[in-house]
Amino acid sequence: MNRPPSITLPALDLSKSSTMRVRGRSGSIVKVEQVGDRSAEDALDQNVFVNINANWVNAKGAWLIHVVLILVGKVIIDTIPGMSQQISWTLVNLIYLALSYLMFHWVTGMPFEGDLRGGAYDDLTLWEQIDDGAQYTPAKKWLFSVPVMLFLASTHYTNYNPWLFAINLSALVFVLIPKSPQV
């Protein structure tokens, strides 16, 4: 039996040497930062209490409720006599997008116990209150992706009808622009 020739590897030196450059590891690929300018008084008022208006987004089951509401809305709209699947999916998409725009980007302040916060959230929408205004958090990524997934589903189930595609796309763009960090 012939043995393959043995290969001798050079010794590996794991000690720190000046020839090797070591780069510090980043904690995240995306930098999470605060958007907007807050006065010192608003910052103090916002940090005194937990914002119950925006903290439900990170609660257990809060992400699932979007899927449940979309499915319940689909079932309710399908019970209307004479409703085609194309119009049904378009209506579900438009109603979800309209309600989410109203809830996250139109209404400002805190509808519940707003007097306890000293007006700190009066000028902020719910989207700006979520995670203290930080962008690219898991909750905001989810709330950004739900309309996109619903748009893709509604486009598929409308058999790529150009008119319904244009309606669904324009509604999607109208809802996604306020979610971008530049706005």
# chains A, B, ... in the order shown; residues from 1 in each chain; ligands from 1
$ residues_around --residues "Lys179 in chain A" --least-positions-apart "4" --cutoff "9 Å" --atoms "only C-alpha atoms" --output "ChimeraX atom specification"
/A:104-105,127,140,143-144,175,183
$ residues_around --residues "Trp63 in chain A" --least-positions-apart "4" --cutoff "10 Å" --atoms "only C-alpha atoms" --output "mmCIF file with all heavy atoms, in the first residue's frame"
data_model
loop_
_atom_site.group_PDB
_atom_site.id
_atom_site.type_symbol
_atom_site.label_atom_id
_atom_site.label_comp_id
_atom_site.auth_asym_id
_atom_site.auth_seq_id
_atom_site.Cartn_x
_atom_site.Cartn_y
_atom_site.Cartn_z
ATOM 1 N N TRP A 56 -47.471 48.729 21.525
ATOM 2 C CA TRP A 56 -48.233 47.536 21.153
ATOM 3 C C TRP A 56 -47.662 46.905 19.885
ATOM 4 O O TRP A 56 -47.842 45.713 19.649
ATOM 5 C CB TRP A 56 -49.707 47.863 20.957
ATOM 6 C CG TRP A 56 -49.973 48.776 19.796
ATOM 7 C CD1 TRP A 56 -50.045 50.131 19.812
ATOM 8 C CD2 TRP A 56 -50.184 48.383 18.436
ATOM 9 N NE1 TRP A 56 -50.283 50.615 18.554
ATOM 10 C CE2 TRP A 56 -50.377 49.564 17.688
ATOM 11 C CE3 TRP A 56 -50.227 47.162 17.773
ATOM 12 C CZ2 TRP A 56 -50.600 49.546 16.318
ATOM 13 C CZ3 TRP A 56 -50.461 47.149 16.408
ATOM 14 C CH2 TRP A 56 -50.645 48.340 15.703
ATOM 15 N N VAL A 57 -46.963 47.687 19.069
ATOM 16 C CA VAL A 57 -46.416 47.174 17.806
ATOM 17 C C VAL A 57 -45.383 46.083 18.082
ATOM 18 O O VAL A 57 -45.227 45.157 17.302
ATOM 19 C CB VAL A 57 -45.805 48.329 16.987
ATOM 20 C CG1 VAL A 57 -45.145 47.835 15.734
ATOM 21 C CG2 VAL A 57 -46.867 49.346 16.653
ATOM 22 N N ASN A 58 -44.687 46.170 19.196
ATOM 23 C CA ASN A 58 -43.674 45.183 19.542
ATOM 24 C C ASN A 58 -44.201 44.090 20.457
ATOM 25 O O ASN A 58 -43.448 43.216 20.880
ATOM 26 C CB ASN A 58 -42.487 45.870 20.214
ATOM 27 C CG ASN A 58 -41.769 46.785 19.253
ATOM 28 O OD1 ASN A 58 -41.493 46.416 18.121
ATOM 29 N ND2 ASN A 58 -41.472 47.986 19.698
ATOM 30 N N ALA A 59 -45.487 44.120 20.783
ATOM 31 C CA ALA A 59 -46.069 43.127 21.685
ATOM 32 C C ALA A 59 -46.248 41.787 20.975
ATOM 33 O O ALA A 59 -46.280 41.701 19.742
ATOM 34 C CB ALA A 59 -47.408 43.618 22.212
ATOM 35 N N VAL A 67 -52.049 39.931 9.507
ATOM 36 C CA VAL A 67 -52.428 38.828 8.630
ATOM 37 C C VAL A 67 -53.866 38.406 8.907
ATOM 38 O O VAL A 67 -54.650 38.174 7.977
ATOM 39 C CB VAL A 67 -51.453 37.640 8.808
ATOM 40 C CG1 VAL A 67 -51.874 36.456 7.968
ATOM 41 C CG2 VAL A 67 -50.034 38.063 8.478
ATOM 42 N N VAL A 68 -54.231 38.335 10.182
ATOM 43 C CA VAL A 68 -55.599 37.950 10.554
ATOM 44 C C VAL A 68 -56.605 38.967 10.028
ATOM 45 O O VAL A 68 -57.647 38.598 9.467
ATOM 46 C CB VAL A 68 -55.713 37.775 12.087
ATOM 47 C CG1 VAL A 68 -57.158 37.622 12.516
ATOM 48 C CG2 VAL A 68 -54.884 36.597 12.550
ATOM 49 N N ALA A 139 -39.893 45.898 13.860
ATOM 50 C CA ALA A 139 -41.316 46.234 13.745
ATOM 51 C C ALA A 139 -41.573 47.086 12.502
ATOM 52 O O ALA A 139 -42.541 46.856 11.769
ATOM 53 C CB ALA A 139 -41.787 46.976 14.997
ATOM 54 N N TRP A 142 -41.320 44.981 9.368
ATOM 55 C CA TRP A 142 -42.528 44.178 9.187
ATOM 56 C C TRP A 142 -43.667 45.045 8.641
ATOM 57 O O TRP A 142 -44.344 44.647 7.696
ATOM 58 C CB TRP A 142 -42.930 43.521 10.495
ATOM 59 C CG TRP A 142 -44.291 42.916 10.476
ATOM 60 C CD1 TRP A 142 -45.413 43.386 11.075
ATOM 61 C CD2 TRP A 142 -44.688 41.720 9.784
ATOM 62 N NE1 TRP A 142 -46.474 42.568 10.811
ATOM 63 C CE2 TRP A 142 -46.058 41.543 10.014
ATOM 64 C CE3 TRP A 142 -44.021 40.800 8.988
ATOM 65 C CZ2 TRP A 142 -46.768 40.471 9.484
ATOM 66 C CZ3 TRP A 142 -44.731 39.736 8.465
ATOM 67 C CH2 TRP A 142 -46.083 39.582 8.721
ATOM 68 N N LEU A 143 -43.855 46.215 9.227
ATOM 69 C CA LEU A 143 -44.938 47.094 8.785
ATOM 70 C C LEU A 143 -44.688 47.641 7.382
ATOM 71 O O LEU A 143 -45.622 48.068 6.709
ATOM 72 C CB LEU A 143 -45.117 48.246 9.780
ATOM 73 C CG LEU A 143 -45.652 47.829 11.141
ATOM 74 C CD1 LEU A 143 -45.593 48.988 12.122
ATOM 75 C CD2 LEU A 143 -47.060 47.283 11.030
ATOM 76 N N VAL A 146 -45.520 44.187 4.975
ATOM 77 C CA VAL A 146 -46.896 43.694 4.850
ATOM 78 C C VAL A 146 -47.609 44.310 3.643
ATOM 79 O O VAL A 146 -48.210 43.570 2.848
ATOM 80 C CB VAL A 146 -47.693 43.922 6.154
ATOM 81 C CG1 VAL A 146 -49.169 43.650 5.952
ATOM 82 C CG2 VAL A 146 -47.155 43.047 7.260
#
$ closest_residue --among "A:Ala54, A:Leu150, A:Ala134, A:Ile77" --to "Thr108 in chain A" --atoms "only C-alpha atoms"
A:Ala54
$ select_by_dssp --residues "range 82-139 of chain A" --states "helix (DSSP H, G or I)" --output "ChimeraX atom specification"
/A:85-106,114-117,126-133,138-139
$ write_last_selection --atoms "C-alpha atoms" --output "JSON list (two decimals), in the first residue's frame"
[["chain", "number", "residue", "atom", "x", "y", "z"],
["A", 85, "GLN", "CA", -61.85, 37.62, -7.10],
["A", 86, "GLN", "CA", -60.05, 40.40, -8.95],
["A", 87, "ILE", "CA", -62.14, 43.16, -7.42],
["A", 88, "SER", "CA", -62.11, 41.40, -4.04],
["A", 89, "TRP", "CA", -58.30, 41.32, -3.81],
["A", 90, "THR", "CA", -58.06, 44.90, -5.02],
["A", 91, "LEU", "CA", -60.57, 46.05, -2.40],
["A", 92, "VAL", "CA", -58.77, 44.15, 0.37],
["A", 93, "ASN", "CA", -55.50, 45.77, -0.68],
["A", 94, "LEU", "CA", -56.98, 49.27, -0.93],
["A", 95, "ILE", "CA", -58.86, 49.02, 2.38],
["A", 96, "TYR", "CA", -55.81, 47.71, 4.23],
["A", 97, "LEU", "CA", -53.58, 50.39, 2.73],
["A", 98, "ALA", "CA", -56.10, 53.16, 3.50],
["A", 99, "LEU", "CA", -56.55, 52.04, 7.10],
["A", 100, "SER", "CA", -52.83, 51.60, 7.69],
["A", 101, "TYR", "CA", -52.11, 55.03, 6.18],
["A", 102, "LEU", "CA", -54.78, 56.59, 8.39],
["A", 103, "MET", "CA", -53.53, 54.83, 11.50],
["A", 104, "PHE", "CA", -49.77, 55.14, 11.05],
["A", 105, "HIS", "CA", -49.28, 58.35, 9.05],
["A", 106, "TRP", "CA", -52.30, 60.64, 9.33],
["A", 114, "GLY", "CA", -52.45, 61.95, 25.96],
["A", 115, "ASP", "CA", -52.77, 64.46, 28.79],
["A", 116, "LEU", "CA", -50.26, 62.54, 30.92],
["A", 117, "ARG", "CA", -47.40, 63.10, 28.47],
["A", 126, "LEU", "CA", -47.76, 56.74, 15.19],
["A", 127, "TRP", "CA", -45.02, 55.78, 12.71],
["A", 128, "GLU", "CA", -42.72, 58.40, 14.28],
["A", 129, "GLN", "CA", -43.59, 57.18, 17.79],
["A", 130, "ILE", "CA", -42.79, 53.51, 17.09],
["A", 131, "ASP", "CA", -39.43, 52.57, 18.63],
["A", 132, "ASP", "CA", -38.83, 56.23, 19.56],
["A", 133, "GLY", "CA", -38.48, 57.20, 15.91],
["A", 138, "PRO", "CA", -37.83, 44.81, 13.14],
["A", 139, "ALA", "CA", -41.32, 46.23, 13.75]]
$ closest_residue --among "A:Asn51, A:Thr137, A:Ser6, A:Ser154" --to "Ile70 in chain A" --atoms "only C-alpha atoms"
A:Ser154
$ atom_distance --atom1 "CA of Asn53 in chain A" --atom2 "CA of Tyr121 in chain A"
9.8 Å
$ atom_distance --atom1 "CA of Asp122 in chain A" --atom2 "CA of Ile177 in chain A"
21.7 Å
$ atom_distance --atom1 "CA of Asn161 in chain A" --atom2 "CA of Val148 in chain A"
17.4 Å
$ residues_around --residues "Leu172 in chain A" --least-positions-apart "4" --cutoff "7 Å" --atoms "only C-alpha atoms" --output "list in words"
Pro147, Asn168 and Leu176 of chain A
$ write_last_selection --atoms "all heavy atoms" --output "compact mmCIF listing (two decimals), in the first residue's frame"
# COMPACT_ATOMS: atom_id res chain seq x y z
N PRO A 147 -47.58 45.64 3.44
CA PRO A 147 -48.23 46.17 2.24
C PRO A 147 -47.61 45.66 0.94
O PRO A 147 -48.32 45.44 -0.04
CB PRO A 147 -48.05 47.69 2.36
CG PRO A 147 -47.79 47.94 3.78
CD PRO A 147 -47.11 46.72 4.30
N ASN A 168 -53.43 49.31 -7.69
CA ASN A 168 -52.75 48.74 -6.53
C ASN A 168 -51.35 49.32 -6.34
O ASN A 168 -50.93 49.59 -5.21
CB ASN A 168 -52.66 47.21 -6.66
CG ASN A 168 -53.99 46.53 -6.44
OD1 ASN A 168 -54.80 46.97 -5.63
ND2 ASN A 168 -54.22 45.46 -7.18
N LEU A 176 -46.17 53.73 0.99
CA LEU A 176 -44.77 53.45 1.34
C LEU A 176 -43.91 54.71 1.41
O LEU A 176 -42.90 54.72 2.12
CB LEU A 176 -44.15 52.47 0.35
CG LEU A 176 -44.66 51.03 0.42
CD1 LEU A 176 -43.86 50.15 -0.52
CD2 LEU A 176 -44.62 50.49 1.83
$ decode --residues "range 73-85 of chain A" --atoms "all heavy atoms" --output "short mmCIF file (atom, residue, chain, number, x, y, z; two decimals), in the first residue's frame"
data_model
loop_
_atom_site.label_atom_id
_atom_site.label_comp_id
_atom_site.auth_asym_id
_atom_site.auth_seq_id
_atom_site.Cartn_x
_atom_site.Cartn_y
_atom_site.Cartn_z
N GLY A 73 -60.88 40.45 6.44
CA GLY A 73 -61.39 41.39 5.45
C GLY A 73 -61.66 40.72 4.12
O GLY A 73 -62.67 41.00 3.46
N LYS A 74 -60.80 39.79 3.74
CA LYS A 74 -61.00 39.05 2.48
C LYS A 74 -62.26 38.21 2.55
O LYS A 74 -63.06 38.19 1.59
CB LYS A 74 -59.76 38.18 2.21
CG LYS A 74 -59.88 37.29 1.00
CD LYS A 74 -59.77 38.09 -0.27
CE LYS A 74 -59.68 37.15 -1.45
NZ LYS A 74 -60.79 37.28 -2.37
N VAL A 75 -62.49 37.54 3.67
CA VAL A 75 -63.69 36.71 3.81
C VAL A 75 -64.94 37.58 3.79
O VAL A 75 -65.93 37.24 3.14
CB VAL A 75 -63.61 35.88 5.12
CG1 VAL A 75 -64.94 35.24 5.46
CG2 VAL A 75 -62.52 34.82 4.99
N ILE A 76 -64.90 38.70 4.48
CA ILE A 76 -66.08 39.59 4.51
C ILE A 76 -66.38 40.15 3.13
O ILE A 76 -67.54 40.17 2.69
CB ILE A 76 -65.86 40.72 5.54
CG1 ILE A 76 -65.90 40.14 6.95
CG2 ILE A 76 -66.90 41.81 5.38
CD1 ILE A 76 -65.51 41.12 8.03
N ILE A 77 -65.37 40.57 2.42
CA ILE A 77 -65.59 41.12 1.08
C ILE A 77 -66.06 40.03 0.11
O ILE A 77 -66.88 40.29 -0.77
CB ILE A 77 -64.32 41.84 0.58
CG1 ILE A 77 -64.13 43.12 1.38
CG2 ILE A 77 -64.40 42.15 -0.91
CD1 ILE A 77 -62.89 43.88 1.07
N ASP A 78 -65.58 38.80 0.29
CA ASP A 78 -66.02 37.70 -0.57
C ASP A 78 -67.48 37.33 -0.36
O ASP A 78 -68.08 36.69 -1.22
CB ASP A 78 -65.14 36.46 -0.37
CG ASP A 78 -63.82 36.57 -1.09
OD1 ASP A 78 -63.71 37.42 -2.00
OD2 ASP A 78 -62.89 35.82 -0.74
N THR A 79 -68.07 37.69 0.78
CA THR A 79 -69.48 37.37 1.02
C THR A 79 -70.43 38.32 0.30
O THR A 79 -71.63 38.05 0.26
CB THR A 79 -69.80 37.41 2.54
OG1 THR A 79 -69.52 38.72 3.03
CG2 THR A 79 -68.99 36.36 3.28
N ILE A 80 -69.91 39.41 -0.26
CA ILE A 80 -70.76 40.32 -1.02
C ILE A 80 -71.16 39.63 -2.32
O ILE A 80 -70.30 39.15 -3.06
CB ILE A 80 -70.01 41.64 -1.31
CG1 ILE A 80 -69.66 42.34 -0.01
CG2 ILE A 80 -70.85 42.56 -2.20
CD1 ILE A 80 -68.76 43.55 -0.19
N PRO A 81 -72.46 39.57 -2.62
CA PRO A 81 -72.90 38.86 -3.82
C PRO A 81 -72.37 39.52 -5.09
O PRO A 81 -72.33 40.74 -5.21
CB PRO A 81 -74.43 38.95 -3.78
CG PRO A 81 -74.77 39.32 -2.37
CD PRO A 81 -73.58 40.03 -1.81
N GLY A 82 -71.95 38.69 -6.04
CA GLY A 82 -71.47 39.18 -7.33
C GLY A 82 -70.05 39.71 -7.32
O GLY A 82 -69.60 40.30 -8.30
N MET A 83 -69.32 39.51 -6.24
CA MET A 83 -67.95 40.02 -6.12
C MET A 83 -66.98 39.07 -6.81
O MET A 83 -66.91 37.89 -6.48
CB MET A 83 -67.58 40.18 -4.65
CG MET A 83 -66.21 40.75 -4.40
SD MET A 83 -66.00 42.45 -4.92
CE MET A 83 -67.18 43.29 -3.90
N SER A 84 -66.22 39.57 -7.77
CA SER A 84 -65.22 38.74 -8.44
C SER A 84 -63.94 38.73 -7.61
O SER A 84 -63.72 39.60 -6.76
CB SER A 84 -64.93 39.29 -9.84
OG SER A 84 -64.25 40.53 -9.74
N GLN A 85 -63.09 37.73 -7.85
CA GLN A 85 -61.85 37.62 -7.10
C GLN A 85 -60.91 38.78 -7.39
O GLN A 85 -60.19 39.23 -6.50
CB GLN A 85 -61.16 36.29 -7.42
CG GLN A 85 -61.81 35.10 -6.77
CD GLN A 85 -61.79 35.20 -5.26
OE1 GLN A 85 -60.75 35.44 -4.65
NE2 GLN A 85 -62.95 35.02 -4.65
#
